[in-house]
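Participant: Structure incoming, see below.
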Number of protein chains: 2
Amino acid sequence: MIDVAFTRADLRPADVAVVIDVLRATSTATQALAAGYRSVLCVESVEVALTLRGPGRVLAGERRCVRPPGFDQGNSPGEAAHCRGDELVLATTNGAPAVIAAAQSAPLVLLACLLNLDAVVAALEGADVQIVCAGTDGAVALEDVYVAGRISARLRGRRTDAARVAERVARSYPTALAALAQSAGAEAARAAGLAGDIDDCAAESTLDVVGRVSAAVDGGVTVDRCRVPSFSA
Amino acid sequence: MIDVAFTRADLRPADVAVVIDVLRATSTATQALAAGYRSVLCVESVEVALTLRGPGRVLAGERRCVRPPGFDQGNSPGEAAHCRGDELVLATTNGAPAVIAAAQSAPLVLLACLLNLDAVVAALEGADVQIVCAGTDGAVALEDVYVAGRISARLRGRRTDAARVAERVARSYPTALAALAQSAGAEAARAAGLAGDIDDCAAESTLDVVGRVSAAVDGGVTVDRCRVPSFSA
């Protein structure tokens with residue numbers, strides 16, 4: 001079954017959970033893995049991230065869109081494209097907690113965005129999947145629903161009404177950028193001077209990398225690179 | 001603000017909550033008020049309904065789409081169009097509980113469907129509103145999202161991403177019947193031999209009646225006719 005969770009409140013058990021926070025956490029995490037980071041540690045809070053400082057670790061993330069004090073960089077995929085260490089510790093408001101929550105409802109959790117759209121679709125073929133929109137502060141985020149619909153539309157199999165809704169939304173926009181730009185998340189990004197991130201996150205299938213949760217750690221989960229699509233096997 | 005709750009899990013405080021279970025509870029309740037019932041008592045369970053038998057009361061509802069044992073009629077708007085008493089006691093799986101839940105998050109709760117679309121829109125103009133999709137067993141129901149989008153698209157004011165999602169869905173279907181017919185709810189109705197109800201519920205703005213929660217009672221809420229749109233005043 002192909003299903004979509006519009007927010008974390010809709011999480012249900014599935015073989016695979018695919019988490020989307022296209023503006024910007026899953027875009028940034030995917031970009032980091034493509035850039036050469038061995039892993040991305042998604043953590044539940046800025047405070048947890050600060051306790052994890054250590055050799056080879058780069059602290060990235062945001063609170064209200066901007067880089068928290070004491071962090072090395074923000075939550076921009078452009079920053080993550082320059083590999084500055086071994087592990088990116090990522091603390092964000094919605095995406096990182098969504099990845100952590102999804103890891104409690106599915107044995108396999110993948111991180112999706114537009115940058116790795118083709119790779120995600122290839123990894124999912126044939127799976128019982130719930131596509132999980134991170135949303136914003138518990139509310140539905142248009143940009144995540146859009147990406148969920150783009151993924152769902154390319155998967156074979158029965159689908160829930162939630163998946164149909166997402167597909168309808170995706171189909172209604174001429175371009176990914178048009179969808180992303182109309183969202184409240186984009187409005188917040190522009191207000192924070194991060195309009196360039198919207199364009200960066202709207203690029204499609206430029207990265208052949210899918211992040212996968214590989215382990216739970218205190219206060220977070222480790223995401224590493226799942227180069228060979230594992231589920232289609 | 002114009003907002004949409006895709007399921008009851010997304011309920012939030014608002015000036016007005018507009019509850020939709022277009023297949024079929026809010027269609028049936030609206031039809032009952034238009035047919036001459038003084039009120040519709042939405043109750044939380046079949047068991048509660050059975051305790052409420054009394055003079056002038058007609059028991060209507062469903063479990064798995066069909067009329068429960070001991071009930072006078074099912075949850076079809078066609079049945080509710082024939083007034084057989086003073087009060088319709090309505091016990092349904094999703095819609096009646098959604099109305100009850102909404103009454104705990106908003107001071108004014110209205111019942112919407114396609115049958116009273118124009119009347120609902122007229123009643124809502126200018127309000128801070130959350131349109132609440134009843135959904136199906138906690139999951140998103142396409143048909144309710146469709147109607148939410150139809151309503152939202154006609155209201156002025158700022159809107160949330162959830163409202164944008166619903167509007168995109170609504171705009172993507174050529175007709176209401178096309179949207180309703182594609183839903184899992186319609187599939188269930190057809191399987192139960194109730195395909196005619198889908199057509200009945202897809203008729204637009206044929207009734208100038210909006211049901212409004214007027215009182216809480218043990219195990220439910222009373223809905224009566226709000227003939228004059230109250231919120232636009």
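Residues are referred to by chain and number: the chain letter is A, B, ... according to the order shown in the structure tokens, the number counts from 1 in that chain, and ligands are numbered separately from 1 in the order shown.
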Please identify every residue of chain B that has at least one atom no more than 6 Å from any atom of chain A, counting only C-alpha atoms, and report them as a JSON list (two decimals) with N, CA, C and O atoms, in the first residue's frame.
Facilitator:
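Dumped everything to result.json:
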```json
[["chain", "number", "residue", "atom", "x", "y", "z"],
["B", 140, "VAL", "N", -7.15, 10.05, 6.26],
["B", 140, "VAL", "CA", -7.64, 11.09, 5.37],
["B", 140, "VAL", "C", -8.65, 10.50, 4.37],
["B", 140, "VAL", "O", -8.42, 9.43, 3.82],
["B", 141, "ALA", "N", -9.76, 11.20, 4.17],
["B", 141, "ALA", "CA", -10.77, 10.79, 3.19],
["B", 141, "ALA", "C", -10.79, 11.82, 2.06],
["B", 141, "ALA", "O", -11.05, 13.00, 2.29],
["B", 142, "LEU", "N", -10.51, 11.35, 0.86],
["B", 142, "LEU", "CA", -10.42, 12.22, -0.30],
["B", 142, "LEU", "C", -11.66, 13.10, -0.46],
["B", 142, "LEU", "O", -11.56, 14.30, -0.75],
["B", 161, "ASP", "N", -1.20, 26.35, 4.67],
["B", 161, "ASP", "CA", -0.82, 25.39, 3.63],
["B", 161, "ASP", "C", -1.84, 24.25, 3.52],
["B", 161, "ASP", "O", -2.09, 23.74, 2.43],
["B", 162, "ALA", "N", -2.43, 23.86, 4.64],
["B", 162, "ALA", "CA", -3.44, 22.80, 4.60],
["B", 162, "ALA", "C", -4.62, 23.23, 3.73],
["B", 162, "ALA", "O", -5.16, 22.43, 2.95],
["B", 168, "ARG", "N", -6.18, 22.88, -3.96],
["B", 168, "ARG", "CA", -5.56, 22.26, -5.13],
["B", 168, "ARG", "C", -6.27, 20.96, -5.51],
["B", 168, "ARG", "O", -6.46, 20.65, -6.68],
["B", 169, "VAL", "N", -6.62, 20.19, -4.49],
["B", 169, "VAL", "CA", -7.33, 18.93, -4.74],
["B", 169, "VAL", "C", -8.68, 19.23, -5.37],
["B", 169, "VAL", "O", -9.06, 18.62, -6.38]]
```
Participant: Can you list, as a ChimeraX atom specification, every protein, DNA or RNA residue that comes within 10 Å of region 90-97 of chain B when you count only C-alpha atoms, leaving out same-chain residues fewer than 5 positions away?
Facilitator: /B:7-8,19-29,40-50,58-68,71,73-75,102-103,111,133-138,219-221
Participant: Those residues you just picked out, can you put them in a file as a compact mmCIF listing (two decimals), in the first residue's frame with C-alpha atoms?
Facilitator:
```
# COMPACT_ATOMS: atom_id res chain seq x y z
CA THR B 7 -8.46 14.44 10.20
CA ARG B 8 -9.66 15.00 13.74
CA VAL B 19 -17.27 19.64 9.94
CA ILE B 20 -17.45 17.66 6.72
CA ASP B 21 -18.35 14.01 6.30
CA VAL B 22 -19.82 14.29 2.85
CA LEU B 23 -20.15 10.49 2.51
CA ARG B 24 -22.48 10.59 4.38
CA ALA B 25 -23.12 11.89 7.88
CA THR B 26 -23.16 15.64 7.28
CA SER B 27 -25.11 15.19 4.05
CA THR B 28 -27.67 13.12 5.94
CA ALA B 29 -27.89 15.55 8.86
CA VAL B 40 -30.30 16.05 14.72
CA LEU B 41 -28.70 14.47 17.74
CA CYS B 42 -25.19 13.37 16.76
CA VAL B 43 -24.15 10.65 19.17
CA GLU B 44 -20.87 8.91 19.73
CA SER B 45 -22.01 5.31 19.33
CA VAL B 46 -24.72 2.95 18.24
CA GLU B 47 -25.12 1.96 21.88
CA VAL B 48 -25.83 5.54 22.96
CA ALA B 49 -28.36 5.91 20.16
CA LEU B 50 -30.27 2.84 21.30
CA VAL B 58 -35.88 8.34 14.69
CA LEU B 59 -32.69 6.31 14.95
CA ALA B 60 -30.41 6.60 11.93
CA GLY B 61 -26.83 5.62 11.30
CA GLU B 62 -24.39 2.98 10.22
CA ARG B 63 -21.69 0.60 11.20
CA ARG B 64 -19.52 -0.40 8.23
CA CYS B 65 -21.88 1.55 6.02
CA VAL B 66 -25.05 -0.38 6.88
CA ARG B 67 -27.97 0.22 9.26
CA PRO B 68 -27.26 -1.19 12.72
CA PHE B 71 -32.21 1.30 13.99
CA GLN B 73 -32.89 3.70 8.99
CA GLY B 74 -29.34 3.86 7.69
CA ASN B 75 -27.13 6.84 7.00
CA ALA B 102 -15.14 19.75 16.99
CA ALA B 103 -17.58 21.08 19.57
CA LEU B 111 -22.08 20.97 9.43
CA CYS B 133 -12.55 16.67 7.53
CA ALA B 134 -14.08 13.77 9.42
CA GLY B 135 -11.94 11.26 7.55
CA THR B 136 -12.35 7.52 7.80
CA ASP B 137 -11.21 5.63 10.87
CA GLY B 138 -8.59 8.28 11.55
CA GLY B 219 -22.94 11.08 24.66
CA GLY B 220 -23.47 13.59 21.89
CA VAL B 221 -24.46 17.04 20.67
```
Participant: I need the residue nearest Ala189 (chain A) from this list: A:Gly56, A:Leu33, A:Ser76, A:Ala123. Use only C-alpha atoms for the distance.
Facilitator: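 Of all the options, A:Ser76 lies closest to Ala189 (chain A).
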Participant: Write out as a VMD selection string the set of residues from region 1-147 of chain B that DSSP, computed on the backbone, places in helix (DSSP H, G or I).
Facilitator: chain B and resid 8 to 10 25 to 35 46 to 51 77 to 80 95 to 102 117 to 124 142 to 147
Participant: Save out the residues we just selected, C-alpha atoms, as a PDB file, in the first residue's frame.
Facilitator:
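Heads up, here's the output in again-v3.pdb:
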```
ATOM      1  CA  ARG B   8      -9.665  15.003  13.736  1.00  0.00           C
ATOM      2  CA  ALA B   9      -6.036  14.724  14.873  1.00  0.00           C
ATOM      3  CA  ASP B  10      -5.476  18.177  13.334  1.00  0.00           C
ATOM      4  CA  ALA B  25     -23.125  11.895   7.884  1.00  0.00           C
ATOM      5  CA  THR B  26     -23.157  15.639   7.280  1.00  0.00           C
ATOM      6  CA  SER B  27     -25.106  15.186   4.049  1.00  0.00           C
ATOM      7  CA  THR B  28     -27.671  13.122   5.936  1.00  0.00           C
ATOM      8  CA  ALA B  29     -27.891  15.555   8.858  1.00  0.00           C
ATOM      9  CA  THR B  30     -28.313  18.519   6.525  1.00  0.00           C
ATOM     10  CA  GLN B  31     -30.960  16.713   4.527  1.00  0.00           C
ATOM     11  CA  ALA B  32     -32.803  15.803   7.730  1.00  0.00           C
ATOM     12  CA  LEU B  33     -32.948  19.422   8.900  1.00  0.00           C
ATOM     13  CA  ALA B  34     -34.119  20.504   5.465  1.00  0.00           C
ATOM     14  CA  ALA B  35     -36.811  17.822   5.513  1.00  0.00           C
ATOM     15  CA  VAL B  46     -24.722   2.945  18.238  1.00  0.00           C
ATOM     16  CA  GLU B  47     -25.121   1.962  21.877  1.00  0.00           C
ATOM     17  CA  VAL B  48     -25.830   5.540  22.956  1.00  0.00           C
ATOM     18  CA  ALA B  49     -28.365   5.911  20.162  1.00  0.00           C
ATOM     19  CA  LEU B  50     -30.267   2.835  21.301  1.00  0.00           C
ATOM     20  CA  THR B  51     -30.637   4.286  24.813  1.00  0.00           C
ATOM     21  CA  PRO B  77     -29.569  11.275   2.828  1.00  0.00           C
ATOM     22  CA  GLY B  78     -32.370   9.818   0.724  1.00  0.00           C
ATOM     23  CA  GLU B  79     -33.893   8.215   3.806  1.00  0.00           C
ATOM     24  CA  ALA B  80     -33.440  11.394   5.840  1.00  0.00           C
ATOM     25  CA  GLY B  95     -18.983  12.026  11.041  1.00  0.00           C
ATOM     26  CA  ALA B  96     -20.933  12.082  14.280  1.00  0.00           C
ATOM     27  CA  PRO B  97     -17.801  11.669  16.431  1.00  0.00           C
ATOM     28  CA  ALA B  98     -16.090  14.420  14.412  1.00  0.00           C
ATOM     29  CA  VAL B  99     -18.955  16.817  15.125  1.00  0.00           C
ATOM     30  CA  ILE B 100     -18.740  15.965  18.815  1.00  0.00           C
ATOM     31  CA  ALA B 101     -14.954  16.441  18.850  1.00  0.00           C
ATOM     32  CA  ALA B 102     -15.144  19.749  16.987  1.00  0.00           C
ATOM     33  CA  LEU B 117     -22.272  24.472  -0.097  1.00  0.00           C
ATOM     34  CA  ASP B 118     -23.549  27.968  -0.928  1.00  0.00           C
ATOM     35  CA  ALA B 119     -25.241  28.343   2.448  1.00  0.00           C
ATOM     36  CA  VAL B 120     -22.093  27.303   4.316  1.00  0.00           C
ATOM     37  CA  VAL B 121     -19.919  29.717   2.366  1.00  0.00           C
ATOM     38  CA  ALA B 122     -22.367  32.546   3.076  1.00  0.00           C
ATOM     39  CA  ALA B 123     -22.308  31.718   6.788  1.00  0.00           C
ATOM     40  CA  LEU B 124     -18.523  31.686   6.974  1.00  0.00           C
ATOM     41  CA  LEU B 142     -10.420  12.224  -0.301  1.00  0.00           C
ATOM     42  CA  GLU B 143     -14.069  13.241  -0.553  1.00  0.00           C
ATOM     43  CA  ASP B 144     -13.917  15.349   2.595  1.00  0.00           C
ATOM     44  CA  VAL B 145     -10.707  17.064   1.488  1.00  0.00           C
ATOM     45  CA  TYR B 146     -12.396  17.813  -1.818  1.00  0.00           C
ATOM     46  CA  VAL B 147     -15.343  19.549  -0.135  1.00  0.00           C
TER      47      VAL B 147
END
```
Participant: What's the separation between CA of Val18 (chain A) and CA of Ala216 (chain A), in Å to one decimal place?
Facilitator: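 Taking CA of Val18 (chain A) as the start and CA of Ala216 (chain A) as the end point, the length is 16.6 Å.
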Participant: Can you work out the spacing between CA of Leu207 (chain A) and CA of Val89 (chain A) in Å, to one decimal?
Facilitator: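 Computed distance, CA of Leu207 (chain A) to CA of Val89 (chain A), equals 20.3 Å.
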Participant: Determine, counting only C-alpha atoms, which protein, DNA and RNA residues have an atom within 8 Å of an atom of Ala176 (chain A); residues of the same chain fewer than 2 positions away are not included. Present the result as an MDAnalysis selection string.
Facilitator: chainID A and resid 146 173:174 178:180 202:203
Participant: Any chance you could export the current selection's N, CA and C atoms as an mmCIF file, in the first residue's frame?
Facilitator:
```cif
data_model
loop_
_atom_site.group_PDB
_atom_site.id
_atom_site.type_symbol
_atom_site.label_atom_id
_atom_site.label_comp_id
_atom_site.auth_asym_id
_atom_site.auth_seq_id
_atom_site.Cartn_x
_atom_site.Cartn_y
_atom_site.Cartn_z
ATOM 1 N N TYR A 146 3.579 18.266 -1.660
ATOM 2 C CA TYR A 146 3.925 18.260 -3.084
ATOM 3 C C TYR A 146 4.923 17.144 -3.404
ATOM 4 N N TYR A 173 0.693 21.630 -9.957
ATOM 5 C CA TYR A 173 1.720 22.667 -10.129
ATOM 6 C C TYR A 173 2.554 22.395 -11.383
ATOM 7 N N PRO A 174 2.831 23.431 -12.136
ATOM 8 C CA PRO A 174 3.617 23.232 -13.362
ATOM 9 C C PRO A 174 5.068 22.847 -13.065
ATOM 10 N N ALA A 178 7.309 26.211 -8.358
ATOM 11 C CA ALA A 178 6.027 26.894 -8.167
ATOM 12 C C ALA A 178 5.349 26.416 -6.888
ATOM 13 N N ALA A 179 5.434 25.130 -6.627
ATOM 14 C CA ALA A 179 4.813 24.578 -5.410
ATOM 15 C C ALA A 179 5.563 25.052 -4.166
ATOM 16 N N LEU A 180 6.869 24.866 -4.199
ATOM 17 C CA LEU A 180 7.658 25.259 -3.029
ATOM 18 C C LEU A 180 7.483 26.743 -2.721
ATOM 19 N N ALA A 202 14.606 22.988 -4.956
ATOM 20 C CA ALA A 202 13.660 22.669 -6.022
ATOM 21 C C ALA A 202 14.308 21.920 -7.187
ATOM 22 N N ALA A 203 15.626 21.766 -7.137
ATOM 23 C CA ALA A 203 16.306 21.013 -8.200
ATOM 24 C C ALA A 203 15.945 19.535 -8.084
#
```
Participant: From the list A:Val217, A:Val223, A:Leu114, A:Val210, which residue is nearest Leu177 (chain A) when using only C-alpha atoms?
Facilitator: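 Among A:Val217, A:Val223, A:Leu114, A:Val210, it is A:Leu114 that comes nearest to Leu177 (chain A).
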Participant: So how far away is CA of Arg225 (chain A) from CA of Gly211 (chain A), in Å?
Facilitator: 4.8 Å
Participant: Among the residues of region 11-226 of chain A, find those DSSP assigns to strand (DSSP E) from the backbone and print them as a ChimeraX atom specification.
Facilitator: /A:16-20,39-43,57-61,87-91,108-112,129-133,211-217,220-225
Participant: Save out the residues we just selected, N, CA and C atoms, as a short mmCIF file (atom, residue, chain, number, x, y, z; two decimals), in the first residue's frame.
Facilitator:
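Contents of the output file out-v3.cif:
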```cif
data_model
loop_
_atom_site.label_atom_id
_atom_site.label_comp_id
_atom_site.auth_asym_id
_atom_site.auth_seq_id
_atom_site.Cartn_x
_atom_site.Cartn_y
_atom_site.Cartn_z
N VAL A 16 8.32 0.56 5.04
CA VAL A 16 9.26 1.65 4.80
C VAL A 16 8.57 2.97 5.09
N ALA A 17 9.26 3.83 5.83
CA ALA A 17 8.81 5.22 5.98
C ALA A 17 9.78 6.10 5.21
N VAL A 18 9.23 7.00 4.42
CA VAL A 18 10.04 7.92 3.63
C VAL A 18 9.75 9.32 4.15
N VAL A 19 10.73 9.92 4.78
CA VAL A 19 10.50 11.21 5.43
C VAL A 19 10.90 12.36 4.52
N ILE A 20 10.01 13.33 4.42
CA ILE A 20 10.25 14.51 3.58
C ILE A 20 10.19 15.78 4.42
N SER A 39 28.16 10.20 7.54
CA SER A 39 26.82 10.06 8.11
C SER A 39 26.28 11.41 8.54
N VAL A 40 24.96 11.43 8.70
CA VAL A 40 24.26 12.59 9.25
C VAL A 40 23.57 12.12 10.52
N LEU A 41 23.84 12.82 11.61
CA LEU A 41 23.21 12.46 12.87
C LEU A 41 22.05 13.43 13.09
N CYS A 42 20.82 12.92 12.88
CA CYS A 42 19.64 13.76 13.11
C CYS A 42 19.32 13.75 14.59
N VAL A 43 19.33 14.90 15.22
CA VAL A 43 19.11 14.95 16.67
C VAL A 43 17.86 15.77 16.98
N ARG A 57 33.17 16.30 13.66
CA ARG A 57 31.73 16.60 13.65
C ARG A 57 31.47 18.06 13.32
N VAL A 58 30.49 18.25 12.47
CA VAL A 58 30.08 19.60 12.06
C VAL A 58 28.64 19.79 12.52
N LEU A 59 28.42 20.87 13.26
CA LEU A 59 27.06 21.12 13.76
C LEU A 59 26.29 22.01 12.78
N ALA A 60 25.15 21.49 12.32
CA ALA A 60 24.32 22.23 11.37
C ALA A 60 22.88 22.22 11.86
N GLY A 61 22.14 23.24 11.48
CA GLY A 61 20.73 23.24 11.85
C GLY A 61 20.14 24.63 11.92
N GLU A 87 31.09 13.71 10.04
CA GLU A 87 29.68 13.53 10.41
C GLU A 87 29.02 14.90 10.55
N LEU A 88 27.84 15.03 9.94
CA LEU A 88 27.06 16.26 10.09
C LEU A 88 26.02 16.02 11.18
N VAL A 89 26.07 16.80 12.23
CA VAL A 89 25.06 16.71 13.28
C VAL A 89 23.98 17.73 12.94
N LEU A 90 22.77 17.24 12.71
CA LEU A 90 21.71 18.10 12.16
C LEU A 90 20.56 18.25 13.16
N ALA A 91 20.37 19.47 13.63
CA ALA A 91 19.28 19.76 14.57
C ALA A 91 18.34 20.77 13.93
N LEU A 108 12.54 0.40 8.17
CA LEU A 108 13.42 1.06 7.21
C LEU A 108 12.92 2.49 7.01
N VAL A 109 13.80 3.44 7.26
CA VAL A 109 13.43 4.85 7.10
C VAL A 109 14.40 5.50 6.13
N LEU A 110 13.82 6.07 5.07
CA LEU A 110 14.62 6.76 4.06
C LEU A 110 14.32 8.26 4.10
N LEU A 111 15.29 9.04 3.65
CA LEU A 111 15.11 10.50 3.61
C LEU A 111 14.95 10.93 2.15
N ALA A 112 13.86 11.64 1.89
CA ALA A 112 13.56 12.03 0.51
C ALA A 112 13.46 13.53 0.38
N VAL A 129 4.68 1.31 1.72
CA VAL A 129 5.39 2.52 2.11
C VAL A 129 4.45 3.59 2.66
N GLN A 130 4.90 4.24 3.70
CA GLN A 130 4.24 5.46 4.12
C GLN A 130 5.20 6.62 3.91
N ILE A 131 4.77 7.56 3.10
CA ILE A 131 5.55 8.76 2.84
C ILE A 131 5.15 9.77 3.92
N VAL A 132 6.12 10.23 4.67
CA VAL A 132 5.83 11.02 5.87
C VAL A 132 6.26 12.47 5.66
N CYS A 133 5.29 13.36 5.64
CA CYS A 133 5.58 14.78 5.52
C CYS A 133 5.94 15.31 6.90
N GLY A 211 19.57 8.79 1.88
CA GLY A 211 19.94 8.57 3.27
C GLY A 211 18.99 7.58 3.92
N ARG A 212 19.57 6.75 4.79
CA ARG A 212 18.76 5.73 5.47
C ARG A 212 19.14 5.71 6.94
N VAL A 213 18.15 5.61 7.80
CA VAL A 213 18.43 5.51 9.23
C VAL A 213 19.10 4.16 9.49
N SER A 214 20.29 4.20 10.09
CA SER A 214 21.02 2.94 10.33
C SER A 214 21.12 2.59 11.80
N ALA A 215 20.93 3.55 12.67
CA ALA A 215 21.06 3.26 14.09
C ALA A 215 20.41 4.34 14.92
N ALA A 216 19.92 3.96 16.08
CA ALA A 216 19.43 4.94 17.04
C ALA A 216 20.56 5.25 18.02
N VAL A 217 20.67 6.52 18.37
CA VAL A 217 21.66 6.92 19.37
C VAL A 217 20.92 7.78 20.40
N GLY A 220 18.83 10.89 19.14
CA GLY A 220 18.75 11.02 17.70
C GLY A 220 18.92 9.70 16.97
N VAL A 221 19.12 9.81 15.67
CA VAL A 221 19.38 8.63 14.83
C VAL A 221 20.49 8.95 13.84
N THR A 222 21.25 7.92 13.50
CA THR A 222 22.30 8.06 12.49
C THR A 222 21.72 7.73 11.12
N VAL A 223 22.02 8.56 10.17
CA VAL A 223 21.58 8.35 8.78
C VAL A 223 22.83 8.17 7.94
N ASP A 224 22.90 7.05 7.23
CA ASP A 224 24.03 6.93 6.31
C ASP A 224 23.55 6.67 4.89
N ARG A 225 24.52 6.55 4.05
CA ARG A 225 24.24 6.53 2.63
C ARG A 225 23.83 5.13 2.21
#
```
